[in-house]
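Novice: Pasting model.txt below, which is compact mmCIF, C-alpha atoms.
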```txt
# COMPACT_ATOMS: atom_id res chain seq x y z
CA MET A 15 -19.91 12.51 25.29
CA THR A 16 -17.13 12.47 22.69
CA ILE A 17 -18.06 12.67 19.01
CA PRO A 18 -15.40 11.10 16.75
CA ILE A 19 -14.28 13.17 13.75
CA LYS A 20 -13.22 11.44 10.59
CA ALA A 21 -9.76 12.49 9.36
CA GLU A 22 -10.88 12.41 5.76
CA ALA A 23 -13.67 14.91 6.26
CA THR A 24 -13.82 17.52 3.47
CA VAL A 25 -14.08 21.19 4.36
CA GLU A 26 -16.61 22.94 2.19
CA ILE A 27 -17.02 26.60 1.33
CA GLN A 28 -20.62 27.48 0.73
CA VAL A 29 -21.03 29.76 -2.29
CA SER A 30 -24.65 30.77 -2.61
CA ARG A 31 -25.99 31.65 -6.03
CA VAL A 32 -29.64 32.74 -6.11
CA HIS A 33 -31.38 31.29 -9.12
CA ASP A 34 -34.94 31.88 -7.98
CA CYS A 35 -36.93 32.71 -4.86
CA ASP A 36 -39.94 30.98 -3.44
CA SER A 37 -43.07 32.73 -2.31
CA GLU A 38 -41.44 33.63 0.99
CA GLY A 39 -38.43 35.23 -0.66
CA GLU A 40 -35.85 32.52 0.17
CA ALA A 41 -33.29 31.10 -2.24
CA VAL A 42 -34.16 27.71 -3.62
CA SER A 43 -30.72 26.61 -4.89
CA THR A 44 -27.10 26.87 -3.72
CA ASN A 45 -23.80 25.54 -5.02
CA CYS A 46 -20.94 24.18 -2.94
CA LEU A 47 -17.23 24.29 -3.75
CA THR A 48 -14.68 22.23 -1.86
CA ILE A 49 -11.61 24.12 -0.59
CA GLU A 50 -9.47 22.12 -3.04
CA GLN A 51 -11.56 23.54 -5.91
CA TYR A 52 -11.62 27.07 -4.55
CA LEU A 53 -7.97 27.68 -3.60
CA PRO A 54 -6.33 27.05 -7.00
CA ALA A 55 -8.59 29.64 -8.60
CA ALA A 56 -7.72 32.14 -5.88
CA ALA A 57 -4.01 31.39 -6.15
CA ALA A 58 -4.09 31.91 -9.91
CA ARG A 59 -4.94 35.56 -9.33
CA ILE A 60 -1.74 36.12 -7.33
CA PRO A 61 1.07 37.40 -9.62
CA VAL A 62 4.19 35.22 -9.63
CA GLU A 63 7.49 37.08 -9.22
CA LEU A 64 10.41 35.76 -11.24
CA ASN A 65 13.99 36.80 -10.46
CA TRP A 66 17.29 36.31 -12.22
CA TYR A 67 20.01 34.40 -10.37
CA ALA A 68 23.57 33.47 -11.27
CA ILE A 69 24.66 29.87 -10.82
CA ARG A 70 28.17 28.47 -10.81
CA THR A 71 28.80 25.49 -13.06
CA ARG A 72 31.46 22.84 -13.28
CA SER A 73 34.37 23.60 -15.60
CA ARG A 74 33.28 23.50 -19.26
CA HIS A 75 29.74 22.50 -18.33
CA GLU A 76 28.01 25.79 -19.16
CA LYS A 77 26.26 24.48 -22.30
CA VAL A 78 25.45 21.14 -20.63
CA VAL A 79 23.76 23.01 -17.80
CA GLU A 80 21.86 25.20 -20.25
CA ARG A 81 20.49 22.18 -22.13
CA GLN A 82 19.49 20.33 -18.94
CA LEU A 83 17.68 23.33 -17.47
CA HIS A 84 15.94 24.03 -20.78
CA VAL A 85 14.60 20.46 -20.84
CA GLN A 86 13.11 21.07 -17.38
CA GLY A 87 11.31 24.16 -18.65
CA ILE A 88 13.47 26.55 -16.61
CA ASP A 89 14.28 29.93 -18.16
CA VAL A 90 18.08 29.82 -18.56
CA PHE A 91 20.58 32.16 -20.19
CA CYS A 92 24.17 31.24 -21.02
CA PRO A 93 25.68 34.09 -23.08
CA VAL A 94 28.39 33.17 -25.58
CA ILE A 95 30.98 35.08 -27.60
CA SER A 96 32.47 34.05 -30.94
CA GLN A 97 36.24 33.67 -30.94
CA ILE A 98 38.78 32.43 -33.47
CA HIS A 99 40.76 29.48 -32.15
CA ARG A 100 44.06 28.84 -33.89
CA TRP A 101 45.83 25.53 -34.29
CA SER A 102 49.07 24.79 -36.12
CA ASP A 103 47.21 23.74 -39.25
CA ARG A 104 43.88 25.57 -39.13
CA ARG A 105 41.68 28.26 -37.64
CA LYS A 106 38.09 27.90 -36.54
CA LEU A 107 35.40 30.28 -35.28
CA VAL A 108 33.91 28.81 -32.10
CA GLU A 109 31.37 29.97 -29.53
CA CYS A 110 32.75 30.26 -26.00
CA PRO A 111 30.91 31.14 -22.77
CA LEU A 112 31.04 34.87 -22.17
CA PHE A 113 31.32 34.28 -18.42
CA ALA A 114 33.22 31.04 -17.98
CA GLY A 115 31.83 28.92 -15.16
CA TYR A 116 28.52 30.80 -14.88
CA ALA A 117 24.97 30.65 -16.22
CA PHE A 118 21.80 32.52 -15.30
CA VAL A 119 18.31 31.27 -14.41
CA ARG A 120 15.02 33.11 -14.03
CA ILE A 121 12.93 31.38 -11.39
CA VAL A 122 10.46 31.90 -8.58
CA PRO A 123 12.48 32.54 -5.38
CA SER A 124 11.36 29.39 -3.59
CA PRO A 125 13.25 26.46 -2.01
CA GLU A 126 11.57 24.04 -4.41
CA GLU A 127 12.82 25.90 -7.50
CA ARG A 128 16.33 26.23 -6.08
CA VAL A 129 16.45 22.49 -5.45
CA ARG A 130 15.36 21.81 -9.05
CA VAL A 131 18.25 23.90 -10.31
CA LEU A 132 20.81 22.47 -7.89
CA ARG A 133 19.91 18.89 -8.86
CA THR A 134 20.73 19.62 -12.48
CA LEU A 135 23.81 17.94 -13.90
CA GLY A 136 26.78 20.32 -13.87
CA VAL A 137 25.36 22.90 -11.43
CA VAL A 138 27.60 23.63 -8.43
CA GLN A 139 25.77 26.31 -6.46
CA PHE A 140 23.88 29.59 -6.53
CA VAL A 141 26.02 32.72 -6.35
CA GLY A 142 25.63 34.99 -3.31
CA GLY A 143 23.50 34.88 -0.21
CA HIS A 144 25.46 32.03 1.40
CA GLY A 145 24.55 29.69 -1.44
CA GLN A 146 20.88 30.77 -1.53
CA GLY A 147 21.51 33.18 -4.39
CA MET A 148 21.05 36.93 -4.66
CA ALA A 149 18.65 38.36 -7.23
CA ILE A 150 20.25 40.19 -10.15
CA PRO A 151 18.56 43.46 -11.22
CA THR A 152 16.48 42.81 -14.30
CA GLU A 153 17.92 45.81 -16.13
CA GLN A 154 21.44 44.35 -15.88
CA MET A 155 20.37 41.06 -17.43
CA GLU A 156 18.39 42.85 -20.14
CA ALA A 157 21.48 44.93 -21.00
CA VAL A 158 23.65 41.80 -21.37
CA ARG A 159 21.03 40.01 -23.46
CA ALA A 160 20.58 43.05 -25.72
CA LEU A 161 24.34 43.34 -26.26
CA VAL A 162 24.82 39.64 -26.98
CA SER A 163 21.91 39.56 -29.45
CA SER A 164 23.13 42.65 -31.33
CA ASN A 165 25.77 42.82 -34.04
CA VAL A 166 27.80 45.42 -32.15
CA PRO A 167 31.40 44.25 -31.53
CA PHE A 168 32.35 43.98 -27.87
CA THR A 169 35.04 42.42 -25.73
CA LYS A 170 35.26 41.24 -22.15
CA HIS A 171 36.62 43.73 -19.63
CA ALA A 172 37.90 43.46 -16.08
CA PHE A 173 35.21 44.37 -13.56
CA LEU A 174 36.05 47.75 -12.01
CA LYS A 175 34.24 49.84 -9.44
CA VAL A 176 34.69 53.27 -7.94
CA GLY A 177 37.08 53.19 -4.99
CA GLN A 178 39.05 50.23 -6.35
CA ARG A 179 42.82 50.34 -6.71
CA VAL A 180 43.84 50.00 -10.38
CA ARG A 181 46.94 50.09 -12.56
CA VAL A 182 47.28 51.82 -15.93
CA ARG A 183 48.50 49.62 -18.78
CA GLY A 184 50.23 51.17 -21.77
CA GLY A 185 50.96 54.73 -22.79
CA SER A 186 52.94 57.32 -20.87
CA LEU A 187 51.25 56.29 -17.59
CA ASP A 188 52.08 52.59 -17.91
CA GLY A 189 52.39 51.00 -14.47
CA VAL A 190 50.97 53.96 -12.53
CA GLU A 191 48.64 52.85 -9.73
CA GLY A 192 45.89 54.75 -7.99
CA ILE A 193 42.27 54.72 -6.86
CA LEU A 194 39.55 54.73 -9.51
CA ALA A 195 37.19 57.66 -8.97
CA ALA A 196 34.25 59.15 -10.84
CA GLN A 197 33.96 62.88 -11.37
CA ASN A 198 31.32 64.57 -13.53
CA GLY A 199 30.57 61.26 -15.18
CA SER A 200 34.13 60.61 -16.38
CA GLY A 201 36.74 58.21 -15.06
CA ASN A 202 39.55 59.67 -12.97
CA LEU A 203 42.59 58.15 -11.34
CA VAL A 204 43.47 59.51 -7.92
CA ILE A 205 47.16 59.24 -7.01
CA SER A 206 47.88 59.75 -3.32
CA VAL A 207 50.91 60.24 -1.10
CA ASP A 208 49.59 58.76 2.11
CA LEU A 209 52.34 60.09 4.37
CA ILE A 210 51.57 63.74 3.68
CA GLN A 211 47.88 63.08 2.93
CA ARG A 212 47.89 64.74 -0.47
CA SER A 213 46.35 63.53 -3.74
CA LEU A 214 46.37 64.26 -7.46
CA SER A 215 43.61 63.46 -9.93
CA ILE A 216 44.03 62.74 -13.65
CA GLN A 217 41.54 61.70 -16.32
CA ILE A 218 42.15 58.20 -17.68
CA GLU A 219 39.79 58.21 -20.65
CA GLY A 220 41.47 56.32 -23.46
CA TYR A 221 43.79 54.42 -21.12
CA GLU A 222 43.46 50.73 -20.36
CA VAL A 223 43.34 49.96 -16.67
CA GLU A 224 43.30 46.73 -14.69
CA PRO A 225 42.51 45.91 -11.05
CA VAL A 226 45.51 45.53 -8.76
```
Translate this structure into structure tokens?

Specialist:
Amino acid sequence: MTIPIKAEATVEIQVSRVHDCDSEGEAVSTNCLTIEQYLPAAAARIPVELNWYAIRTRSRHEKVVERQLHVQGIDVFCPVISQIHRWSDRRKLVECPLFAGYAFVRIVPSPEERVRVLRTLGVVQFVGGHGQGMAIPTEQMEAVRALVSSNVPFTKHAFLKVGQRVRVRGGSLDGVEGILAAQNGSGNLVISVDLIQRSLSIQIEGYEVEPV
């Protein structure tokens, strides 16, 4: 014999709370919670992890993206730097994006949150991870935010990393190229003669260098 089961049946979780006992020692009252009532409370105890991600924006849409994401309640950061723009008849101090074409969002790493960001006017894509985005270490974002919010003067600098080929600009070493190295915490330039497999190392503190 087949017993039909209704699709709309509600699963219940029995949560017994003893208020009193009868003469035989059995509980006289119980309370029932549906699974819909129980799960949200359980989920609320699970900590939500938020990560920083970089997003690429359309040209000159950094502030537009920031406003749109802010309206949606998404934590967004678009650092700016004050610069003096000169025209033939006047000068004006304006705020320009520190990283042109980029903004940063702090979201839960879920497909739903990524879609919310990607549907925002002016957003092109997440940076890294084949368009899925790669999390940025929190300490890096905190360092940028602290610097931008301070009154300490700073300027943009070419991104350099150890092992990269660079060129010295200015001074007696102007035009010299080599490999950027780190030694005892200071920057060094390693100049090599590949054919004879010999190298020289000089300190470049105080010199301006650029990637080749």

Novice: Please indicate the distance in Å from atom CA of A:Trp66 to atom CA of A:Arg128, rounded to one decimal place.

Specialist: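 We find that atom CA of A:Trp66 and atom CA of A:Arg128 lie 11.8 Å from each other.
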
Novice: Work out how far apart atom CA of A:Met155 and atom CA of A:Val79 are and give it in Å to one decimal.

Specialist: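 Computing it gives 18.4 Å between the two atoms.
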
Novice: Please, what distance in Å, to one decimal, runs between atom CA of A:Asn65 and atom CA of A:Val119?

Specialist: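 Going from atom CA of A:Asn65 over to atom CA of A:Val119, I get 8.1 Å.
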
Novice: Would you kindly return, as a list in words, each protein, DNA or RNA residue with an atom no farther than 8 Å from any atom of stretch 156-159 of chain A, considering only C-alpha atoms and excluding same-chain residues fewer than 4 positions away?

Specialist: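 Skipping anything fewer than 4 positions along the chain leaves Pro93, Thr152 and Ser163 of chain A.
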
Novice: Please list as a list in words every residue within 9 Å of A:Cys92, counting all atoms listed in the file and excluding residues in the same chain fewer than 4 positions away.

Specialist: Glu76, Lys77, Val79, Glu80, Pro111, Leu112, Phe113, Tyr116, Ala117, Phe118 and Val119 of chain A

Novice: Just the residues within 12 Å of A:Gly142, please, counting all atoms listed in the file, with nothing from its chain fewer than 5 positions along; format it as a list in words.

Specialist: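 Here the qualifying residues turn out to be Tyr67, Ala68, Ile69, Arg70, Gly147, Met148, Ala149 and Ile150 of chain A.
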
Novice: Compile the contact shell of A:Leu187 as a list of chain:residue names: residues with an atom at most 10 Å away, counting all atoms listed in the file, same-chain residues fewer than 6 positions apart removed.

Specialist: A:Arg181, A:Ile218, A:Tyr221, A:Glu222

Novice: For A:Val138, find every residue with an atom within 7 Å (counting only C-alpha atoms), except residues of its own chain fewer than 5 positions away, and show them as a VMD selection string.

Specialist: chain A and resid 70 to 72 132

Novice: Calculated over only C-alpha atoms, which of the candidates A:Val78, A:Val180, A:Val204, A:Val94 has the smallest distance to A:Leu161?

Specialist: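 Among A:Val78, A:Val180, A:Val204, A:Val94, it is A:Val94 that comes nearest to A:Leu161.
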
Novice: Just checking: using only C-alpha atoms, which residue out of A:Thr169, A:Ser96, A:Thr134, A:Gln178 ends up closest to A:Glu224?

Specialist: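 Looking only at the distances to A:Glu224, the closest residue turns out to be A:Gln178.
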
Novice: Could you give me, as a PyMOL selection string, the residues that have an atom at most 7 Å away from the point (44.5, 63.5, -11.2) in the coordinates of the file, using all atoms listed in the file?

Specialist: chain A and resi 202-205+214-217

Novice: Quick one: write out the picked residues with C-alpha atoms as a PDB file, in the frame of the given file?

Specialist:
```pdb
ATOM      1  CA  ASN A 202      39.550  59.670 -12.970  1.00  0.00           C
ATOM      2  CA  LEU A 203      42.590  58.150 -11.340  1.00  0.00           C
ATOM      3  CA  VAL A 204      43.470  59.510  -7.920  1.00  0.00           C
ATOM      4  CA  ILE A 205      47.160  59.240  -7.010  1.00  0.00           C
ATOM      5  CA  LEU A 214      46.370  64.260  -7.460  1.00  0.00           C
ATOM      6  CA  SER A 215      43.610  63.460  -9.930  1.00  0.00           C
ATOM      7  CA  ILE A 216      44.030  62.740 -13.650  1.00  0.00           C
ATOM      8  CA  GLN A 217      41.540  61.700 -16.320  1.00  0.00           C
TER       9      GLN A 217
END
```

Novice: Between A:Val108, A:Phe168, A:Val223, A:Val122, single out the one closest to A:Asp188, counting only C-alpha atoms.

Specialist: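 Closest residue, counting only C-alpha atoms: A:Val223.
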
Novice: Nearest to A:Gln139 among A:Pro225, A:Pro151, A:Gly115, A:Gly192, with distances taken over all atoms listed in the file: which residue is it?

Specialist: A:Gly115

Novice: Could you get me a file of stretch 167-198 of chain A with N, CA, C and O atoms, as a PDB file, in the first residue's frame, taken from the block above?

Specialist:
```
ATOM      1  N   PRO A 167      52.892  63.599   3.626  1.00  0.00           N
ATOM      2  CA  PRO A 167      53.001  63.683   2.161  1.00  0.00           C
ATOM      3  C   PRO A 167      53.513  62.373   1.569  1.00  0.00           C
ATOM      4  O   PRO A 167      54.395  61.729   2.136  1.00  0.00           O
ATOM      5  N   PHE A 168      52.946  61.981   0.450  1.00  0.00           N
ATOM      6  CA  PHE A 168      53.418  60.785  -0.235  1.00  0.00           C
ATOM      7  C   PHE A 168      53.158  60.948  -1.722  1.00  0.00           C
ATOM      8  O   PHE A 168      52.360  61.780  -2.154  1.00  0.00           O
ATOM      9  N   THR A 169      53.857  60.154  -2.506  1.00  0.00           N
ATOM     10  CA  THR A 169      53.686  60.170  -3.952  1.00  0.00           C
ATOM     11  C   THR A 169      53.568  58.736  -4.452  1.00  0.00           C
ATOM     12  O   THR A 169      53.990  57.790  -3.771  1.00  0.00           O
ATOM     13  N   LYS A 170      53.025  58.577  -5.624  1.00  0.00           N
ATOM     14  CA  LYS A 170      52.939  57.255  -6.245  1.00  0.00           C
ATOM     15  C   LYS A 170      54.323  56.810  -6.694  1.00  0.00           C
ATOM     16  O   LYS A 170      55.165  57.629  -7.056  1.00  0.00           O
ATOM     17  N   HIS A 171      54.552  55.510  -6.677  1.00  0.00           N
ATOM     18  CA  HIS A 171      55.852  54.960  -7.047  1.00  0.00           C
ATOM     19  C   HIS A 171      55.639  53.716  -7.881  1.00  0.00           C
ATOM     20  O   HIS A 171      54.678  52.978  -7.684  1.00  0.00           O
ATOM     21  N   ALA A 172      56.539  53.486  -8.816  1.00  0.00           N
ATOM     22  CA  ALA A 172      56.450  52.276  -9.639  1.00  0.00           C
ATOM     23  C   ALA A 172      56.566  51.043  -8.746  1.00  0.00           C
ATOM     24  O   ALA A 172      57.363  51.024  -7.797  1.00  0.00           O
ATOM     25  N   PHE A 173      55.764  50.032  -9.031  1.00  0.00           N
ATOM     26  CA  PHE A 173      55.797  48.809  -8.242  1.00  0.00           C
ATOM     27  C   PHE A 173      57.057  48.019  -8.590  1.00  0.00           C
ATOM     28  O   PHE A 173      57.308  47.696  -9.749  1.00  0.00           O
ATOM     29  N   LEU A 174      57.876  47.734  -7.584  1.00  0.00           N
ATOM     30  CA  LEU A 174      59.122  47.003  -7.786  1.00  0.00           C
ATOM     31  C   LEU A 174      59.140  45.796  -6.865  1.00  0.00           C
ATOM     32  O   LEU A 174      58.586  45.820  -5.768  1.00  0.00           O
ATOM     33  N   LYS A 175      59.794  44.747  -7.286  1.00  0.00           N
ATOM     34  CA  LYS A 175      59.942  43.565  -6.457  1.00  0.00           C
ATOM     35  C   LYS A 175      61.329  42.983  -6.651  1.00  0.00           C
ATOM     36  O   LYS A 175      61.969  43.180  -7.691  1.00  0.00           O
ATOM     37  N   VAL A 176      61.781  42.265  -5.623  1.00  0.00           N
ATOM     38  CA  VAL A 176      63.097  41.647  -5.665  1.00  0.00           C
ATOM     39  C   VAL A 176      63.171  40.675  -6.838  1.00  0.00           C
ATOM     40  O   VAL A 176      62.244  39.892  -7.072  1.00  0.00           O
ATOM     41  N   GLY A 177      64.270  40.749  -7.575  1.00  0.00           N
ATOM     42  CA  GLY A 177      64.449  39.882  -8.739  1.00  0.00           C
ATOM     43  C   GLY A 177      64.045  40.537 -10.039  1.00  0.00           C
ATOM     44  O   GLY A 177      64.226  39.965 -11.114  1.00  0.00           O
ATOM     45  N   GLN A 178      63.491  41.755  -9.948  1.00  0.00           N
ATOM     46  CA  GLN A 178      63.039  42.463 -11.149  1.00  0.00           C
ATOM     47  C   GLN A 178      64.190  43.260 -11.746  1.00  0.00           C
ATOM     48  O   GLN A 178      65.050  43.784 -11.044  1.00  0.00           O
ATOM     49  N   ARG A 179      64.191  43.369 -13.069  1.00  0.00           N
ATOM     50  CA  ARG A 179      65.201  44.164 -13.750  1.00  0.00           C
ATOM     51  C   ARG A 179      64.775  45.631 -13.726  1.00  0.00           C
ATOM     52  O   ARG A 179      63.654  45.974 -14.105  1.00  0.00           O
ATOM     53  N   VAL A 180      65.684  46.508 -13.277  1.00  0.00           N
ATOM     54  CA  VAL A 180      65.369  47.924 -13.127  1.00  0.00           C
ATOM     55  C   VAL A 180      66.471  48.774 -13.749  1.00  0.00           C
ATOM     56  O   VAL A 180      67.562  48.303 -14.048  1.00  0.00           O
ATOM     57  N   ARG A 181      66.141  50.053 -13.914  1.00  0.00           N
ATOM     58  CA  ARG A 181      67.087  51.026 -14.470  1.00  0.00           C
ATOM     59  C   ARG A 181      67.190  52.214 -13.526  1.00  0.00           C
ATOM     60  O   ARG A 181      66.171  52.713 -13.029  1.00  0.00           O
ATOM     61  N   VAL A 182      68.403  52.679 -13.266  1.00  0.00           N
ATOM     62  CA  VAL A 182      68.615  53.837 -12.405  1.00  0.00           C
ATOM     63  C   VAL A 182      68.353  55.110 -13.209  1.00  0.00           C
ATOM     64  O   VAL A 182      68.766  55.222 -14.364  1.00  0.00           O
ATOM     65  N   ARG A 183      67.648  56.064 -12.584  1.00  0.00           N
ATOM     66  CA  ARG A 183      67.360  57.328 -13.235  1.00  0.00           C
ATOM     67  C   ARG A 183      68.019  58.453 -12.451  1.00  0.00           C
ATOM     68  O   ARG A 183      67.768  58.636 -11.261  1.00  0.00           O
ATOM     69  N   GLY A 184      68.878  59.216 -13.101  1.00  0.00           N
ATOM     70  CA  GLY A 184      69.518  60.354 -12.461  1.00  0.00           C
ATOM     71  C   GLY A 184      70.813  59.986 -11.762  1.00  0.00           C
ATOM     72  O   GLY A 184      71.107  58.810 -11.495  1.00  0.00           O
ATOM     73  N   GLY A 185      71.600  61.014 -11.453  1.00  0.00           N
ATOM     74  CA  GLY A 185      72.848  60.797 -10.741  1.00  0.00           C
ATOM     75  C   GLY A 185      73.935  60.186 -11.607  1.00  0.00           C
ATOM     76  O   GLY A 185      73.798  60.034 -12.823  1.00  0.00           O
ATOM     77  N   SER A 186      75.018  59.788 -10.970  1.00  0.00           N
ATOM     78  CA  SER A 186      76.159  59.240 -11.707  1.00  0.00           C
ATOM     79  C   SER A 186      75.878  57.867 -12.307  1.00  0.00           C
ATOM     80  O   SER A 186      76.617  57.409 -13.179  1.00  0.00           O
ATOM     81  N   LEU A 187      74.810  57.205 -11.842  1.00  0.00           N
ATOM     82  CA  LEU A 187      74.472  55.864 -12.358  1.00  0.00           C
ATOM     83  C   LEU A 187      73.316  55.914 -13.350  1.00  0.00           C
ATOM     84  O   LEU A 187      72.734  54.877 -13.664  1.00  0.00           O
ATOM     85  N   ASP A 188      72.987  57.091 -13.846  1.00  0.00           N
ATOM     86  CA  ASP A 188      71.846  57.238 -14.747  1.00  0.00           C
ATOM     87  C   ASP A 188      71.936  56.282 -15.935  1.00  0.00           C
ATOM     88  O   ASP A 188      72.960  56.227 -16.626  1.00  0.00           O
ATOM     89  N   GLY A 189      70.863  55.495 -16.132  1.00  0.00           N
ATOM     90  CA  GLY A 189      70.811  54.575 -17.254  1.00  0.00           C
ATOM     91  C   GLY A 189      71.344  53.185 -16.978  1.00  0.00           C
ATOM     92  O   GLY A 189      71.156  52.270 -17.784  1.00  0.00           O
ATOM     93  N   VAL A 190      71.997  52.987 -15.831  1.00  0.00           N
ATOM     94  CA  VAL A 190      72.544  51.670 -15.496  1.00  0.00           C
ATOM     95  C   VAL A 190      71.397  50.716 -15.179  1.00  0.00           C
ATOM     96  O   VAL A 190      70.494  51.047 -14.419  1.00  0.00           O
ATOM     97  N   GLU A 191      71.456  49.525 -15.745  1.00  0.00           N
ATOM     98  CA  GLU A 191      70.420  48.519 -15.521  1.00  0.00           C
ATOM     99  C   GLU A 191      70.989  47.336 -14.739  1.00  0.00           C
ATOM    100  O   GLU A 191      72.178  47.030 -14.837  1.00  0.00           O
ATOM    101  N   GLY A 192      70.134  46.702 -13.983  1.00  0.00           N
ATOM    102  CA  GLY A 192      70.538  45.523 -13.232  1.00  0.00           C
ATOM    103  C   GLY A 192      69.334  44.865 -12.592  1.00  0.00           C
ATOM    104  O   GLY A 192      68.185  45.232 -12.876  1.00  0.00           O
ATOM    105  N   ILE A 193      69.597  43.900 -11.713  1.00  0.00           N
ATOM    106  CA  ILE A 193      68.535  43.164 -11.028  1.00  0.00           C
ATOM    107  C   ILE A 193      68.410  43.692  -9.601  1.00  0.00           C
ATOM    108  O   ILE A 193      69.406  43.794  -8.877  1.00  0.00           O
ATOM    109  N   LEU A 194      67.196  44.064  -9.215  1.00  0.00           N
ATOM    110  CA  LEU A 194      66.955  44.556  -7.868  1.00  0.00           C
ATOM    111  C   LEU A 194      67.068  43.414  -6.876  1.00  0.00           C
ATOM    112  O   LEU A 194      66.442  42.365  -7.034  1.00  0.00           O
ATOM    113  N   ALA A 195      67.889  43.617  -5.854  1.00  0.00           N
ATOM    114  CA  ALA A 195      68.091  42.584  -4.833  1.00  0.00           C
ATOM    115  C   ALA A 195      67.958  43.221  -3.464  1.00  0.00           C
ATOM    116  O   ALA A 195      68.056  44.438  -3.307  1.00  0.00           O
ATOM    117  N   ALA A 196      67.724  42.401  -2.460  1.00  0.00           N
ATOM    118  CA  ALA A 196      67.644  42.873  -1.075  1.00  0.00           C
ATOM    119  C   ALA A 196      68.741  42.201  -0.276  1.00  0.00           C
ATOM    120  O   ALA A 196      68.921  40.979  -0.339  1.00  0.00           O
ATOM    121  N   GLN A 197      69.485  43.000   0.468  1.00  0.00           N
ATOM    122  CA  GLN A 197      70.565  42.461   1.276  1.00  0.00           C
ATOM    123  C   GLN A 197      70.618  43.208   2.595  1.00  0.00           C
ATOM    124  O   GLN A 197      70.773  44.430   2.620  1.00  0.00           O
ATOM    125  N   ASN A 198      70.428  42.484   3.693  1.00  0.00           N
ATOM    126  CA  ASN A 198      70.437  43.079   5.030  1.00  0.00           C
ATOM    127  C   ASN A 198      69.411  44.206   5.159  1.00  0.00           C
ATOM    128  O   ASN A 198      69.648  45.227   5.796  1.00  0.00           O
TER     129      ASN A 198
END
```
